[in-house]
Every structure is written in C-alpha cells, then in structure tokens.
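Remarks on the structure that follows.
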Amino acid sequence: MKIVLIYPYFIEKRIQNGDVGVVPMGLFHIGALLMENGFSVEILNLYQYTKTSPEIPDILIREKPDIIGFSILNGNRRGGIEIAEIAKKLNPSVQIVFGGAGATFLWQHL
C-alpha cells in the first residue's frame with residue numbers, strides 16, 4: 001500500500017513561502033512509523049505550488065497513492081482541500097486523511 005504525506009501550499013497572500021516552507025516534524029514521525037510497519041511512504045512538500053500548477057496532477061499520477069495524508073494549518077487548509085479534490089478526480093478510490101492543527105481546530109471547515 002502506497003501512502004503519500006503532503007504539506008500543501010498556502011492560499012493566504014500575507015504568508016511568505018520562506019516562512020512556511022519547512023515540512024512539519026509530525027509528518028516525518030508518521031512516515032517513519034508507517035515505514036516500520038511495512039508501508040511504502042513518500043513525503044511531499046508542495047508549499048511552492050498553486051491549484052493551477054500542472055505539476056500537482058503529474059506528481060499524484062506518478063506517486064499512485066492509495067492513501068493521502070495532509071498536515072494542515074489554518075493558512076494552508078484550502079490548499080490541502082484543493083489537492084485532495086485533484087487527487088479524487090484522478091483516482092476516486094484514493095483515501096484522504098487530514099491532520100495537524102488546522103484539521104484539529106478547524107475540522108468543520110474541511
């Protein structure tokens with residue numbers, strides 16, 4: 001089973017990419033635990049892309065994930081939703097999981 005963990009791009013214009021370009025440590029912890037238990041895992045930092053970036057569908061097609069996990073904050077939750085929508089159009093059976101502070105405290109906006 002292939003699991004892709006994604007740190008999505010930010011929509012908020014006030015946020016500078018240089019301030020948010022580091023993948024949250026939690027994704028690495030989750031990835032390590034999954035790998036220890038036999039899963040194939042990729043961690044993708046997509047903060048530099050946008051919804052219209054042609055690379056996003058290409059990346060998702062190349063990776064062929066069964067499950068996609070997103071680590072989101074308030075500022076990038078919309079980016080996560082947009083990438084999830086693209087992923088579902090490419091593969092309707094892909095499972096989507098949201099985590100992180102944005103998913104915990106803003107779950108009703110997902």
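Note on naming: chains are A, B, ... as they come in the structure tokens, residues start from 1 per chain, ligands start from 1 in the order shown.
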
- Extract, using only C-alpha atoms, all DNA, RNA and protein residues at most 12 Å from Pro92 of chain A, discarding same-chain residues fewer than 6 positions from it, and format them as a count of residues only. 7

Strand (DSSP E or B) per DSSP on the backbone: members of chain A, as a compact mmCIF listing (two decimals) with N, CA and C atoms, in the first residue's frame:
# COMPACT_ATOMS: atom_id res chain seq x y z
N LYS A 2 0.56 2.17 -0.86
CA LYS A 2 1.36 3.40 -1.01
C LYS A 2 0.65 4.54 -0.29
N ILE A 3 1.38 5.19 0.61
CA ILE A 3 0.85 6.33 1.36
C ILE A 3 1.71 7.55 1.04
N VAL A 4 1.04 8.64 0.67
CA VAL A 4 1.73 9.89 0.40
C VAL A 4 1.29 10.90 1.45
N LEU A 5 2.26 11.49 2.13
CA LEU A 5 2.01 12.52 3.14
C LEU A 5 2.38 13.86 2.53
N ILE A 6 1.45 14.81 2.58
CA ILE A 6 1.63 16.08 1.88
C ILE A 6 1.52 17.27 2.83
N TYR A 7 2.46 18.19 2.66
CA TYR A 7 2.38 19.52 3.26
C TYR A 7 1.96 20.45 2.13
N SER A 40 4.77 1.63 2.08
CA SER A 40 5.57 2.47 1.19
C SER A 40 5.11 3.91 1.40
N VAL A 41 6.04 4.81 1.73
CA VAL A 41 5.68 6.18 2.11
C VAL A 41 6.52 7.19 1.34
N GLU A 42 5.87 8.25 0.88
CA GLU A 42 6.53 9.42 0.32
C GLU A 42 6.03 10.64 1.06
N ILE A 43 6.94 11.56 1.37
CA ILE A 43 6.57 12.83 1.98
C ILE A 43 6.84 13.92 0.96
N LEU A 44 5.80 14.70 0.66
CA LEU A 44 5.91 15.73 -0.37
C LEU A 44 5.67 17.11 0.23
N ASN A 45 6.59 18.02 -0.05
CA ASN A 45 6.45 19.41 0.36
C ASN A 45 5.96 20.19 -0.85
N ILE A 67 -3.48 6.08 -0.24
CA ILE A 67 -3.91 6.98 0.83
C ILE A 67 -3.08 8.25 0.74
N ILE A 68 -3.73 9.40 0.93
CA ILE A 68 -3.01 10.68 1.01
C ILE A 68 -3.34 11.29 2.36
N GLY A 69 -2.29 11.64 3.11
CA GLY A 69 -2.45 12.32 4.38
C GLY A 69 -1.93 13.74 4.26
N PHE A 70 -2.69 14.69 4.77
CA PHE A 70 -2.30 16.10 4.73
C PHE A 70 -2.04 16.62 6.13
N SER A 71 -0.97 17.39 6.29
CA SER A 71 -0.73 18.12 7.52
C SER A 71 -1.08 19.57 7.23
N GLN A 95 -7.96 7.27 -0.62
CA GLN A 95 -8.44 7.67 0.70
C GLN A 95 -7.72 8.95 1.12
N ILE A 96 -8.47 9.90 1.68
CA ILE A 96 -7.92 11.19 2.08
C ILE A 96 -8.03 11.33 3.60
N VAL A 97 -6.92 11.75 4.23
CA VAL A 97 -6.88 11.97 5.68
C VAL A 97 -6.27 13.34 5.94
N PHE A 98 -6.94 14.14 6.78
CA PHE A 98 -6.40 15.44 7.18
C PHE A 98 -5.98 15.37 8.63
N GLY A 99 -4.81 15.95 8.93
CA GLY A 99 -4.31 16.02 10.29
C GLY A 99 -3.59 17.33 10.51

- Message: What does the structure give for the distance between atom CA of Leu73 of chain A and atom CA of Ile11 of chain A, in Å to one decimal?
- Response: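 Computing it gives 11.2 Å between the two atoms.
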
- Task: Please provide the set of residues having any atom within 8 Å of Ala87 of chain A, restricted to only C-alpha atoms, with same-chain residues fewer than 6 positions apart removed, written as a list in words.
- Result: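 Once the adjacent positions are removed, what remains is Pro57, Leu60 and Val94 of chain A.
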
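For the residues A:His29, A:Glu82, A:Ile61, A:Thr104, ranking by smallest atom-to-atom distance to Tyr49 of chain A using only C-alpha atoms places A:Glu82 first.
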
- With only C-alpha atoms as the basis for distance, which of A:Gly102, A:Ser53, A:Ile30, A:Gly38 is at the shortest distance from Asn74 of chain A?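 That would be A:Gly102, the residue with the smallest distance to Asn74 of chain A.
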
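We find atom CA of Gln48 of chain A and atom CA of Val23 of chain A to be spaced 11.8 Å apart.
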
- Using only C-alpha atoms, which of the listed residues (A:Leu90, A:Ile83, A:Arg77, A:Asp58) sits closest to Leu106 of chain A? A:Arg77

- Could you work out how far atom CA of Val22 of chain A lies from atom CA of Arg78 of chain A, giving the answer in Å with one decimal?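 Value for the atom CA of Arg78 of chain A-atom CA of Val22 of chain A distance: 18.0 Å.
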
- For Phe10 of chain A: contacts at 7 Å, only C-alpha atoms, fewer than 2 positions along chain excluded, given as JSON, numbers by chain: {"A": [8, 12, 47, 75, 76, 79]}

- Message: With distances taken over only C-alpha atoms, which residue among A:Pro54, A:Gly80, A:Gly26, A:Gly31 lies nearest Gly100 of chain A?
- Response: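 Of all the options, A:Gly26 lies closest to Gly100 of chain A.
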